[in-house]
>>> print(open('input01.txt').read())   # compact mmCIF, C-alpha atoms
# COMPACT_ATOMS: atom_id res chain seq x y z
CA MET A 129 88.36 107.25 133.35
CA ARG A 130 90.67 108.96 130.93
CA ASN A 131 93.75 111.15 131.31
CA LEU A 132 94.50 110.13 134.90
CA ALA A 133 97.68 111.40 136.49
CA TRP A 134 100.29 108.79 137.32
CA PRO A 135 100.04 108.01 141.06
CA ALA A 136 102.89 109.26 143.22
CA ALA A 137 102.95 105.93 145.05
CA ALA A 138 103.80 103.98 141.89
CA HIS A 139 107.55 103.80 141.35
CA VAL A 140 108.70 102.24 138.10
CA THR A 141 111.66 99.90 138.53
CA ASP A 142 111.90 98.17 135.17
CA TRP A 143 110.40 99.25 131.93
CA THR A 144 110.60 98.88 128.22
CA LEU A 145 109.03 100.91 125.46
CA TYR A 146 109.02 99.84 121.86
CA VAL A 147 107.26 100.72 118.65
CA GLU A 148 104.86 98.23 117.15
CA GLY A 149 103.43 98.38 113.67
CA HIS A 150 106.17 100.17 111.74
CA THR A 151 104.77 98.55 108.62
CA ARG A 152 101.12 98.94 109.41
CA GLY A 153 98.86 101.14 107.35
CA THR A 154 96.59 103.96 108.35
CA ALA A 155 93.52 101.75 108.69
CA ARG A 156 94.92 100.78 112.10
CA GLU A 157 94.34 97.23 113.31
CA ALA A 158 90.89 96.86 111.80
CA GLY A 159 92.04 94.05 109.56
CA ALA A 160 91.81 96.03 106.37
CA GLY A 161 95.01 97.96 106.85
CA VAL A 162 97.29 98.91 104.03
CA TRP A 163 100.61 97.20 104.49
CA GLY A 164 103.51 99.45 103.86
CA ARG A 165 105.26 102.15 105.82
CA GLY A 166 102.44 102.87 108.17
CA SER A 167 101.32 105.71 110.31
CA GLY A 168 99.50 103.24 112.53
CA ALA A 169 102.73 102.58 114.38
CA HIS A 170 102.50 103.14 118.11
CA PHE A 171 104.33 102.60 121.36
CA MET A 172 103.85 99.45 123.41
CA GLY A 173 105.58 98.66 126.67
CA GLN A 174 105.84 96.86 129.94
CA ILE A 175 106.45 98.37 133.32
CA SER A 176 107.23 96.91 136.72
CA LEU A 177 106.40 98.72 139.92
CA ALA A 178 108.51 98.55 143.04
CA PRO A 179 107.23 96.88 146.23
CA MET A 180 104.78 99.06 148.12
CA THR A 181 103.44 99.62 151.60
CA HIS A 182 99.80 98.73 152.16
CA ALA A 183 98.78 102.39 151.94
CA ASP A 184 100.61 102.86 148.64
CA ALA A 185 99.22 99.59 147.31
CA PHE A 186 95.66 100.75 148.08
CA SER A 187 96.34 103.95 146.19
CA VAL A 188 97.80 102.14 143.17
CA ARG A 189 95.03 99.53 143.19
CA ALA A 190 92.41 102.30 143.16
CA PHE A 191 94.26 104.01 140.29
CA ILE A 192 94.25 100.82 138.22
CA HIS A 193 90.60 100.14 138.91
CA ARG A 194 89.70 103.76 138.15
CA LEU A 195 90.86 103.18 134.59
CA ARG A 196 88.01 100.65 134.22
CA GLY A 197 89.97 98.39 131.96
CA ARG A 198 91.28 99.40 128.57
CA ALA A 199 88.74 102.20 128.23
CA GLY A 200 90.75 104.46 130.50
CA SER A 201 94.02 106.25 129.94
CA PHE A 202 96.82 107.65 132.06
CA TYR A 203 99.82 109.88 131.73
CA LEU A 204 103.03 107.96 132.24
CA PRO A 205 106.11 110.09 132.89
CA ILE A 206 108.51 108.41 130.47
CA PRO A 207 110.93 106.51 132.71
CA GLY A 208 114.43 107.82 132.41
CA THR A 209 113.36 111.33 131.47
CA GLU A 210 112.27 112.45 134.93
CA PHE A 211 115.58 114.17 135.68
CA LEU A 212 115.83 115.95 132.34
CA ALA A 213 114.83 119.53 131.67
CA GLU A 214 111.52 120.25 129.97
CA GLY A 215 112.35 121.30 126.42
CA SER A 216 109.84 122.87 124.09
CA GLY A 217 109.37 124.42 120.69
CA THR A 218 106.74 124.75 117.98
CA LEU A 219 106.38 123.44 114.47
CA ALA A 220 107.88 125.91 112.01
CA ALA A 221 105.69 124.47 109.27
CA GLY A 222 102.70 122.18 109.11
CA VAL A 223 103.31 118.44 108.84
CA ALA A 224 101.16 115.81 107.18
CA ALA A 225 99.93 112.52 108.58
CA GLY A 226 102.63 109.96 107.94
CA ALA A 227 105.43 112.50 108.27
CA SER A 228 108.59 111.52 110.10
CA THR A 229 110.42 114.85 109.91
CA ALA A 230 109.72 118.33 111.22
CA THR A 231 111.38 121.70 111.65
CA LEU A 232 111.07 123.37 115.02
CA THR A 233 111.29 126.98 116.08
CA GLY A 234 111.32 128.86 119.37
CA LEU A 235 113.39 126.20 121.08
CA ILE A 236 113.75 126.25 124.88
CA ASN A 237 116.27 123.93 126.56
CA SER A 238 117.43 122.80 123.13
CA ALA A 239 120.22 120.74 124.75
CA GLU A 240 117.54 118.09 125.40
CA LEU A 241 116.79 117.84 121.68
CA VAL A 242 119.04 114.90 120.89
CA ALA A 243 118.80 111.56 119.13
CA GLY A 244 117.04 109.05 121.37
CA ALA A 245 115.05 111.67 123.25
CA TYR A 246 111.29 111.33 123.51
CA ALA A 247 109.07 114.14 122.27
CA VAL A 248 105.37 114.91 122.22
CA VAL A 249 103.95 116.55 119.12
CA GLY A 250 100.66 118.34 119.77
CA ASP A 251 98.06 117.72 122.48
CA LEU A 252 97.92 114.11 123.67
CA THR A 253 94.24 114.39 124.53
CA THR A 254 93.39 114.99 120.88
CA THR A 255 95.65 114.06 117.96
CA GLY A 256 99.01 114.57 119.60
CA GLN A 257 101.42 111.68 119.95
CA LEU A 258 104.61 110.50 121.54
CA VAL A 259 107.61 110.04 119.24
CA GLN A 260 111.26 109.19 119.64
CA ILE A 261 113.82 111.36 117.94
CA VAL A 262 116.04 109.49 115.49
CA SER A 263 118.36 112.34 114.53
CA VAL A 264 118.73 116.09 114.92
CA SER A 265 120.28 118.60 112.53
CA GLY A 266 119.98 122.13 113.83
CA SER A 267 116.25 122.60 114.34
CA ASP A 268 115.32 119.77 111.97
CA ILE A 269 114.33 116.49 113.55
CA VAL A 270 113.66 112.98 112.26
CA PHE A 271 111.50 110.79 114.45
CA ARG A 272 109.55 107.55 114.74
CA PRO A 273 106.83 106.44 114.78
CA ARG A 274 105.40 108.41 111.93
CA LEU A 275 102.66 110.89 112.74
CA ARG A 276 99.15 109.49 112.75
CA ALA A 277 97.60 112.91 112.14
CA ALA A 278 98.52 116.18 110.45
CA HIS A 279 99.61 119.09 112.61
CA LEU A 280 99.53 122.80 111.79
CA THR A 281 102.25 125.41 111.97
CA GLY A 282 102.74 126.55 115.55
CA VAL A 283 101.68 123.31 117.24
CA ALA A 284 103.65 122.74 120.44
CA VAL A 285 106.39 120.13 120.63
CA ALA A 286 107.72 119.03 124.03
CA PHE A 287 110.90 117.05 124.54
CA GLY A 288 113.30 116.04 127.30
CA LYS A 289 111.14 115.43 130.35
CA VAL A 290 107.84 114.27 128.85
CA SER A 291 104.87 112.04 129.58
CA GLY A 292 103.01 109.79 127.19
CA LEU A 293 99.33 108.89 127.27
CA PHE A 294 98.82 105.14 127.68
CA ARG A 295 96.21 102.50 128.41
CA LEU A 296 96.39 98.97 129.73
CA ALA A 297 97.32 96.64 126.90
CA ASP A 298 95.84 93.56 128.48
CA SER A 299 93.73 92.36 131.36
CA VAL A 300 93.44 94.49 134.48
CA PRO A 301 96.48 93.57 136.59
CA ALA A 302 96.03 92.35 140.14
CA VAL A 303 97.89 94.09 142.92
CA ALA A 304 99.31 91.29 145.06
CA ILE A 305 99.08 92.01 148.78
CA THR A 306 100.53 90.11 151.70
CA ALA A 307 100.71 90.90 155.40
CA ALA A 308 104.00 92.70 154.69
CA GLY A 309 102.69 94.91 151.89
CA SER A 310 102.73 94.51 148.13
CA PRO A 311 105.63 92.85 146.29
CA GLY A 312 104.92 95.15 143.35
CA LEU A 313 103.42 94.31 140.01
CA TYR A 314 104.02 94.16 136.31
CA PHE A 315 101.71 95.09 133.47
CA ALA A 316 101.68 95.78 129.77
CA ILE A 317 100.75 99.16 128.33
CA GLU A 318 100.08 100.60 124.92
CA GLU A 319 99.85 104.12 123.60
CA PHE A 320 96.34 105.55 123.91
CA ARG A 321 95.26 106.62 120.47
CA MET B 31 77.40 83.21 154.39
CA GLU B 32 79.82 80.29 154.53
CA THR B 33 83.18 81.35 155.91
CA LEU B 34 86.71 80.05 155.56
CA PRO B 35 87.78 77.51 158.18
CA SER B 36 89.75 79.15 160.98
CA TYR B 37 92.88 77.11 160.23
CA ALA B 38 93.01 78.44 156.66
CA LYS B 39 95.26 81.47 156.93
CA ILE B 40 95.57 83.64 153.84
CA SER B 41 99.16 84.51 153.01
CA GLU B 42 98.65 86.46 149.78
CA TYR B 43 95.79 88.14 147.96
CA GLN B 44 95.70 88.83 144.23
CA LEU B 45 92.61 90.95 143.84
CA ARG B 46 91.45 92.78 140.76
CA ILE B 47 88.29 94.03 139.12
CA ALA B 48 87.57 92.43 135.79
CA SER B 49 85.98 94.77 133.30
CA PRO B 50 84.48 94.32 129.84
CA GLU B 51 87.66 95.59 128.25
CA SER B 52 89.81 93.15 130.14
CA ALA B 53 89.59 90.22 127.78
CA PRO B 54 92.76 89.74 125.76
CA ARG B 55 92.20 90.82 122.22
CA ASN B 56 93.50 89.78 118.90
CA VAL B 57 95.88 92.54 117.91
CA MET B 58 94.77 92.34 114.33
CA ASN B 59 91.05 92.94 114.70
CA LEU B 60 90.36 94.35 118.16
CA LYS B 61 88.02 91.45 118.83
CA VAL B 62 87.17 91.09 122.49
CA GLN B 63 85.39 88.42 124.41
CA ALA B 64 81.84 89.15 125.44
CA PRO B 65 81.69 91.03 128.73
CA THR B 66 80.62 89.17 131.83
CA PRO B 67 76.96 89.63 132.81
CA ALA B 68 78.01 91.52 135.92
CA VAL B 69 80.11 93.88 133.73
CA GLU B 70 82.54 94.70 136.54
CA MET B 71 83.28 92.18 139.25
CA TRP B 72 85.98 91.11 141.66
CA VAL B 73 88.26 88.33 140.56
CA ALA B 74 90.71 86.93 143.07
CA GLN B 75 93.45 84.47 143.60
CA ILE B 76 94.30 83.81 147.21
CA ALA B 77 97.14 81.74 148.60
CA PHE B 78 96.99 80.07 151.98
CA ALA B 79 99.87 79.57 154.35
CA SER B 80 101.18 76.05 154.80
CA MET B 81 98.80 73.71 156.59
CA THR B 82 99.27 70.55 158.58
CA VAL B 83 98.34 67.34 156.82
CA GLU B 84 95.24 67.05 159.00
CA ASN B 85 94.11 70.56 158.19
CA LEU B 86 94.89 70.05 154.53
CA ARG B 87 92.57 67.01 154.41
CA GLN B 88 89.89 68.98 156.20
CA PHE B 89 90.32 71.89 153.80
CA LEU B 90 90.03 69.70 150.72
CA GLY B 91 86.84 68.30 152.21
CA TRP B 92 85.56 71.82 152.84
CA LEU B 93 86.34 72.72 149.25
CA ALA B 94 84.51 69.68 147.92
CA ALA B 95 81.45 70.54 150.00
CA LEU B 96 81.15 73.87 148.19
CA ASP B 97 79.83 71.92 145.19
CA GLY B 98 81.96 73.89 142.77
CA ARG B 99 80.48 77.29 142.03
CA LEU B 100 77.21 76.54 143.80
CA THR B 101 78.09 77.83 147.25
CA ALA B 102 79.27 81.36 147.94
CA PHE B 103 81.60 81.99 150.84
CA GLY B 104 83.29 84.91 152.48
CA VAL B 105 86.90 86.05 152.28
CA PRO B 106 87.90 88.47 155.03
CA VAL B 107 88.90 91.93 153.84
CA VAL B 108 91.26 92.84 156.63
CA ALA B 109 91.75 96.49 157.59
CA GLY B 110 95.31 97.53 156.96
CA VAL B 111 95.93 94.62 154.60
CA LEU B 112 93.20 94.79 151.94
CA THR B 113 91.57 98.08 152.87
CA ALA B 114 92.56 101.26 154.63
CA LEU B 115 91.84 101.52 158.35
CA ALA B 116 88.32 102.92 158.72
CA SER B 117 87.77 106.17 160.54
CA HIS B 118 84.32 106.79 159.11
CA THR B 119 80.76 105.72 159.47
CA ALA B 120 78.56 106.43 156.52
CA THR B 121 75.03 106.30 155.19
CA LEU B 122 73.76 106.68 151.67
CA ALA B 123 72.75 110.27 151.00
CA ALA B 124 70.78 109.33 147.88
CA ASP B 125 69.32 106.25 146.25
CA VAL B 126 71.76 104.09 144.28
CA ALA B 127 70.67 102.57 140.99
CA PRO B 128 72.24 99.53 139.31
CA GLY B 129 75.11 100.68 137.11
CA ASP B 130 75.99 103.74 139.19
CA SER B 131 79.72 104.39 139.44
CA VAL B 132 79.34 107.34 141.81
CA ILE B 133 77.41 107.19 145.08
CA SER B 134 76.55 109.99 147.49
CA LEU B 135 77.55 109.38 151.11
CA ASN B 136 77.01 111.13 154.41
CA LEU B 137 80.44 110.72 156.02
CA THR B 138 81.32 111.39 159.63
CA PRO B 139 82.27 115.10 159.73
CA GLY B 140 85.82 115.82 160.80
CA SER B 141 87.00 112.25 160.38
CA GLY B 142 89.49 113.12 157.71
CA THR B 143 89.81 111.93 154.17
CA LEU B 144 88.16 108.78 152.87
CA LEU B 145 91.17 107.31 151.09
CA ALA B 146 91.25 105.73 147.66
CA GLY B 147 91.53 101.98 148.05
CA THR B 148 89.14 101.83 151.02
CA MET B 149 86.45 99.17 150.76
CA LEU B 150 82.78 100.01 151.25
CA THR B 151 80.04 97.48 151.85
CA LEU B 152 76.52 98.02 150.57
CA GLY B 153 73.64 95.82 151.71
CA ALA B 154 73.47 92.82 154.03
CA SER B 155 75.43 89.63 153.47
CA GLY B 156 72.53 87.20 153.64
CA VAL B 157 70.71 88.52 150.59
CA ASP B 158 71.54 88.99 146.92
CA ALA B 159 71.80 92.78 147.22
CA TYR B 160 75.20 92.76 148.90
CA GLN B 161 78.27 94.28 147.39
CA VAL B 162 81.80 95.25 148.31
CA VAL B 163 83.13 98.20 146.33
CA GLU B 164 86.38 100.11 146.32
CA VAL B 165 86.76 103.87 146.70
CA LEU B 166 88.65 105.07 143.60
CA ALA B 167 89.63 108.61 144.59
CA ASP B 168 90.22 110.41 147.87
CA VAL B 169 87.17 112.19 149.33
CA ALA B 170 87.24 114.73 152.17
CA ALA B 171 84.57 114.37 154.85
CA SER B 172 83.12 117.87 154.92
CA GLY B 173 79.87 117.20 156.69
CA SER B 174 77.77 117.49 153.58
CA PRO B 175 76.98 114.62 151.22
CA ALA B 176 80.08 113.64 149.27
CA ASP B 177 80.22 112.02 145.85
CA VAL B 178 82.35 108.89 145.98
CA GLU B 179 83.61 107.18 142.85
CA ILE B 180 83.42 103.40 143.19
CA SER B 181 84.22 100.20 141.39
CA PRO B 182 82.76 97.70 140.68
CA ARG B 183 79.67 99.65 139.67
CA ALA B 184 76.56 99.17 141.79
CA ARG B 185 74.88 95.96 140.78
CA TRP B 186 71.73 96.41 142.83
CA ALA B 187 69.47 99.26 143.95
CA PHE B 188 70.19 100.59 147.43
CA THR B 189 67.98 103.05 149.28
CA SER B 190 68.96 106.45 150.63
CA GLY B 191 69.68 106.32 154.36
CA ALA B 192 71.03 102.77 154.31
CA THR B 193 74.15 102.14 156.37
CA VAL B 194 77.41 101.74 154.47
CA VAL B 195 80.18 99.83 156.21
CA VAL B 196 83.56 101.51 155.70
CA GLY B 197 86.73 99.43 155.91
CA ALA B 198 87.00 95.83 157.06
CA THR B 199 84.34 93.60 155.54
CA THR B 200 83.78 90.25 153.90
CA LEU B 201 84.07 89.75 150.16
CA ARG B 202 81.49 87.26 148.88
CA VAL B 203 83.13 84.89 146.39
CA ARG B 204 82.72 81.54 144.67
CA LEU B 205 85.18 79.12 143.21
CA ALA B 206 86.02 80.13 139.65
CA SER B 207 85.22 76.70 138.28
CA ASP B 208 82.91 73.77 138.93
CA ASP B 209 85.88 71.55 138.41
CA THR B 210 87.67 71.56 141.74
CA ALA B 211 90.96 70.96 140.00
CA GLY B 212 90.37 74.12 137.99
CA SER B 213 89.83 76.21 141.08
CA HIS B 214 92.76 75.34 143.23
CA SER B 215 96.35 74.31 143.01
CA PHE B 216 98.45 72.65 145.67
CA ASN B 217 102.18 72.92 146.10
CA PRO B 218 103.32 69.71 147.83
CA ALA B 219 106.74 71.18 148.52
CA THR B 220 105.36 73.96 150.66
CA GLY B 221 101.94 72.62 151.65
CA GLU B 222 100.35 75.75 150.23
CA ILE B 223 97.03 75.93 148.42
CA THR B 224 95.98 78.63 146.00
CA LEU B 225 92.33 79.26 145.07
CA ASP B 226 90.95 80.96 141.97
CA LEU B 227 87.80 82.87 142.84
CA VAL B 228 85.16 85.11 141.30
CA GLU B 229 82.84 87.46 143.10
CA GLY B 230 79.66 85.87 144.43
CA VAL B 231 77.15 88.06 142.69
CA TYR B 232 74.21 86.27 144.33
CA ALA B 233 73.82 84.97 147.87
>>> encode(input="input01.txt", output="structure tokens")
Amino acid sequence: MRNLAWPAAAHVTDWTLYVEGHTRGTAREAGAGVWGRGSGAHFMGQISLAPMTHADAFSVRAFIHRLRGRAGSFYLPIPGTEFLAEGSGTLAAGVAAGASTATLTGLINSAELVAGAYAVVGDLTTTGQLVQIVSVSGSDIVFRPRLRAAHLTGVAVAFGKVSGLFRLADSVPAVAITAAGSPGLYFAIEEFR
Amino acid sequence: METLPSYAKISEYQLRIASPESAPRNVMNLKVQAPTPAVEMWVAQIAFASMTVENLRQFLGWLAALDGRLTAFGVPVVAGVLTALASHTATLAADVAPGDSVISLNLTPGSGTLLAGTMLTLGASGVDAYQVVEVLADVAASGSPADVEISPRARWAFTSGATVVVGATTLRVRLASDDTAGSHSFNPATGEITLDLVEGVYA
């Protein structure tokens, strides 16, 4: 199933997010990609979940199995942003696929618009994507990875406290369970795109 | 169904549902391995608590007698450890066809919510048409038939009115390999054995 909410019982303890494919072309991973500064770049990551009670482990196990492998997707609140304010704005002008800059307008909670912050451009269930802000100058931002799709003037941009849309990057992880509960688990994720 | 010897105490379960998208892919071409015939099935690794030398010998003999993947056996799905405590009885409210991922159940009215992560058992253990599935999302028992999302998908046809066991059950499995060495590992320092298992799709 797609677009599942992150389960409340799953507490992330360790995580890493990184961008893969900075040099990959727009033909994605199909093997015929153009090598250069690519707009096929996307987030990959690993997350570890804290030990769980049996009840929480059942809930998390059901969540993982509900994804039905790599076909499914889930919203992951970006770890580290959960205590930030929800910032928002809109694109002041349309941006093309491959763009790495944008000008925003109508900013709310603009204090969260800083270098290193995560932002979501557009609607994640369609062509929207997660980006990380490289630098900010007034209402102009530079970000990576580059946009995989064009976006029109007025498209929403969220920053600060945001969630990304991800899928499992590998095999379905097993939830280890003992008589005492679950010792937690680790799995790899990749941006759903 | 063959059962585990009583002296073999499970200390840890690693249980997951393999799916056609599970196979690791080559990042350059999205190539995946062919899906398993059963499409979605339980895959498990279970570790046993330390055994005495006598029990260990007996257990290795029991393993050998399985003839690799030939003989299916049961792994207990303990309430409170591998499945939620059951407060329901249930029957199928509609026929189930192979491939279904949602089944309709008559749940005991007023017995609360059927929790995600609860195991359901369809069919009888002595025949092929036997399957343990997991509830994927919470369902309230309202007294009318409730749609329940399950995984693995139904592999067999089950008839409306059939009893569904909720909670503790027995998962039918086989060794993952005909080569005994490929199906278990032994830690001489702790006396612990670990088995690699796949769901026993047939009796």
>>> closest_atom_pairs(input="input01.txt", of="chain A", to="chain B", cutoff="6 Å", atoms="all atoms listed in the file", output="JSON lines")
{"residue": "A:Glu157", "atom": "CA", "partner": "B:Met58", "partner_atom": "CA", "distance": 5.0}
{"residue": "A:Ala158", "atom": "CA", "partner": "B:Asn59", "partner_atom": "CA", "distance": 4.9}
{"residue": "A:Gly159", "atom": "CA", "partner": "B:Asn59", "partner_atom": "CA", "distance": 5.4}
{"residue": "A:Phe186", "atom": "CA", "partner": "B:Gly147", "partner_atom": "CA", "distance": 4.3}
{"residue": "A:Ser187", "atom": "CA", "partner": "B:Gly147", "partner_atom": "CA", "distance": 5.5}
{"residue": "A:Ala190", "atom": "CA", "partner": "B:Leu166", "partner_atom": "CA", "distance": 4.7}
{"residue": "A:Arg194", "atom": "CA", "partner": "B:Leu166", "partner_atom": "CA", "distance": 5.7}
{"residue": "A:Gly197", "atom": "CA", "partner": "B:Glu51", "partner_atom": "CA", "distance": 5.2}
{"residue": "A:Arg198", "atom": "CA", "partner": "B:Glu51", "partner_atom": "CA", "distance": 5.3}
{"residue": "A:Asp298", "atom": "CA", "partner": "B:Pro54", "partner_atom": "CA", "distance": 5.6}
{"residue": "A:Ser299", "atom": "CA", "partner": "B:Ser52", "partner_atom": "CA", "distance": 4.2}
{"residue": "A:Val300", "atom": "CA", "partner": "B:Ser52", "partner_atom": "CA", "distance": 5.8}
{"residue": "A:Ala302", "atom": "CA", "partner": "B:Arg46", "partner_atom": "CA", "distance": 4.6}
{"residue": "A:Val303", "atom": "CA", "partner": "B:Gln44", "partner_atom": "CA", "distance": 5.8}
{"residue": "A:Ala304", "atom": "CA", "partner": "B:Gln44", "partner_atom": "CA", "distance": 4.4}
{"residue": "A:Ile305", "atom": "CA", "partner": "B:Tyr43", "partner_atom": "CA", "distance": 5.1}
{"residue": "A:Thr306", "atom": "CA", "partner": "B:Glu42", "partner_atom": "CA", "distance": 4.5}
>>> residues_around(input="input01.txt", residues="Asp142 in chain A", least_positions_apart="2", cutoff="10 Å", atoms="only C-alpha atoms", output="list in words")
His139, Val140, Thr144, Gln174, Ile175, Ser176, Leu177, Ala178, Pro207 and Tyr314 of chain A
>>> atom_distance(input="input01.txt", atom1="CA of Ala247 in chain A", atom2="CA of Trp134 in chain A")
18.2 Å
>>> atom_distance(input="input01.txt", atom1="CA of Val196 in chain B", atom2="CA of Val178 in chain B")
12.3 Å
>>> decode(input="input01.txt", residues="range 90-108 of chain B", atoms="N, CA, C and O atoms", output="compact mmCIF listing (two decimals), in the first residue's frame")
# COMPACT_ATOMS: atom_id res chain seq x y z
N LEU B 90 19.56 -32.64 16.45
CA LEU B 90 20.21 -32.81 15.15
C LEU B 90 19.63 -34.03 14.43
O LEU B 90 19.46 -34.02 13.21
N GLY B 91 19.32 -35.07 15.21
CA GLY B 91 18.68 -36.24 14.61
C GLY B 91 17.29 -35.89 14.09
O GLY B 91 16.89 -36.32 12.99
N TRP B 92 16.56 -35.10 14.87
CA TRP B 92 15.21 -34.68 14.44
C TRP B 92 15.30 -33.87 13.16
O TRP B 92 14.51 -34.05 12.23
N LEU B 93 16.29 -33.00 13.10
CA LEU B 93 16.48 -32.19 11.89
C LEU B 93 16.76 -33.07 10.68
O LEU B 93 16.20 -32.87 9.60
N ALA B 94 17.64 -34.04 10.87
CA ALA B 94 18.01 -34.92 9.75
C ALA B 94 16.80 -35.69 9.25
O ALA B 94 16.65 -35.93 8.05
N ALA B 95 15.92 -36.06 10.18
CA ALA B 95 14.75 -36.86 9.79
C ALA B 95 13.72 -36.06 8.98
O ALA B 95 12.80 -36.64 8.41
N LEU B 96 13.89 -34.75 8.96
CA LEU B 96 12.98 -33.94 8.14
C LEU B 96 13.23 -34.14 6.65
O LEU B 96 12.40 -33.75 5.81
N ASP B 97 14.36 -34.74 6.32
CA ASP B 97 14.72 -34.93 4.90
C ASP B 97 14.75 -33.59 4.16
O ASP B 97 14.12 -33.43 3.11
N GLY B 98 15.47 -32.66 4.73
CA GLY B 98 15.59 -31.35 4.08
C GLY B 98 14.24 -30.66 4.01
O GLY B 98 13.53 -30.57 5.01
N ARG B 99 13.88 -30.23 2.82
CA ARG B 99 12.64 -29.47 2.67
C ARG B 99 11.40 -30.34 2.51
O ARG B 99 10.30 -29.85 2.30
N LEU B 100 11.60 -31.67 2.59
CA LEU B 100 10.48 -32.58 2.31
C LEU B 100 9.37 -32.47 3.36
O LEU B 100 8.19 -32.46 3.02
N THR B 101 9.75 -32.38 4.62
CA THR B 101 8.75 -32.48 5.69
C THR B 101 8.44 -31.11 6.30
O THR B 101 9.35 -30.42 6.77
N ALA B 102 7.16 -30.78 6.28
CA ALA B 102 6.74 -29.53 6.94
C ALA B 102 6.57 -29.79 8.43
O ALA B 102 6.27 -30.91 8.85
N PHE B 103 6.79 -28.75 9.20
CA PHE B 103 6.56 -28.87 10.64
C PHE B 103 6.02 -27.54 11.18
O PHE B 103 6.02 -26.53 10.48
N GLY B 104 5.56 -27.60 12.41
CA GLY B 104 4.90 -26.43 12.96
C GLY B 104 5.76 -25.66 13.93
O GLY B 104 6.49 -26.25 14.73
N VAL B 105 5.70 -24.34 13.84
CA VAL B 105 6.35 -23.46 14.81
C VAL B 105 5.25 -22.75 15.59
O VAL B 105 4.35 -22.15 14.98
N PRO B 106 5.27 -22.83 16.90
CA PRO B 106 4.19 -22.21 17.67
C PRO B 106 4.21 -20.68 17.55
O PRO B 106 5.25 -20.06 17.67
N VAL B 107 3.04 -20.14 17.26
CA VAL B 107 2.86 -18.68 17.25
C VAL B 107 2.18 -18.35 18.58
O VAL B 107 0.99 -18.53 18.75
N VAL B 108 2.99 -17.90 19.51
CA VAL B 108 2.54 -17.75 20.89
C VAL B 108 1.84 -16.41 21.07
O VAL B 108 2.35 -15.37 20.66
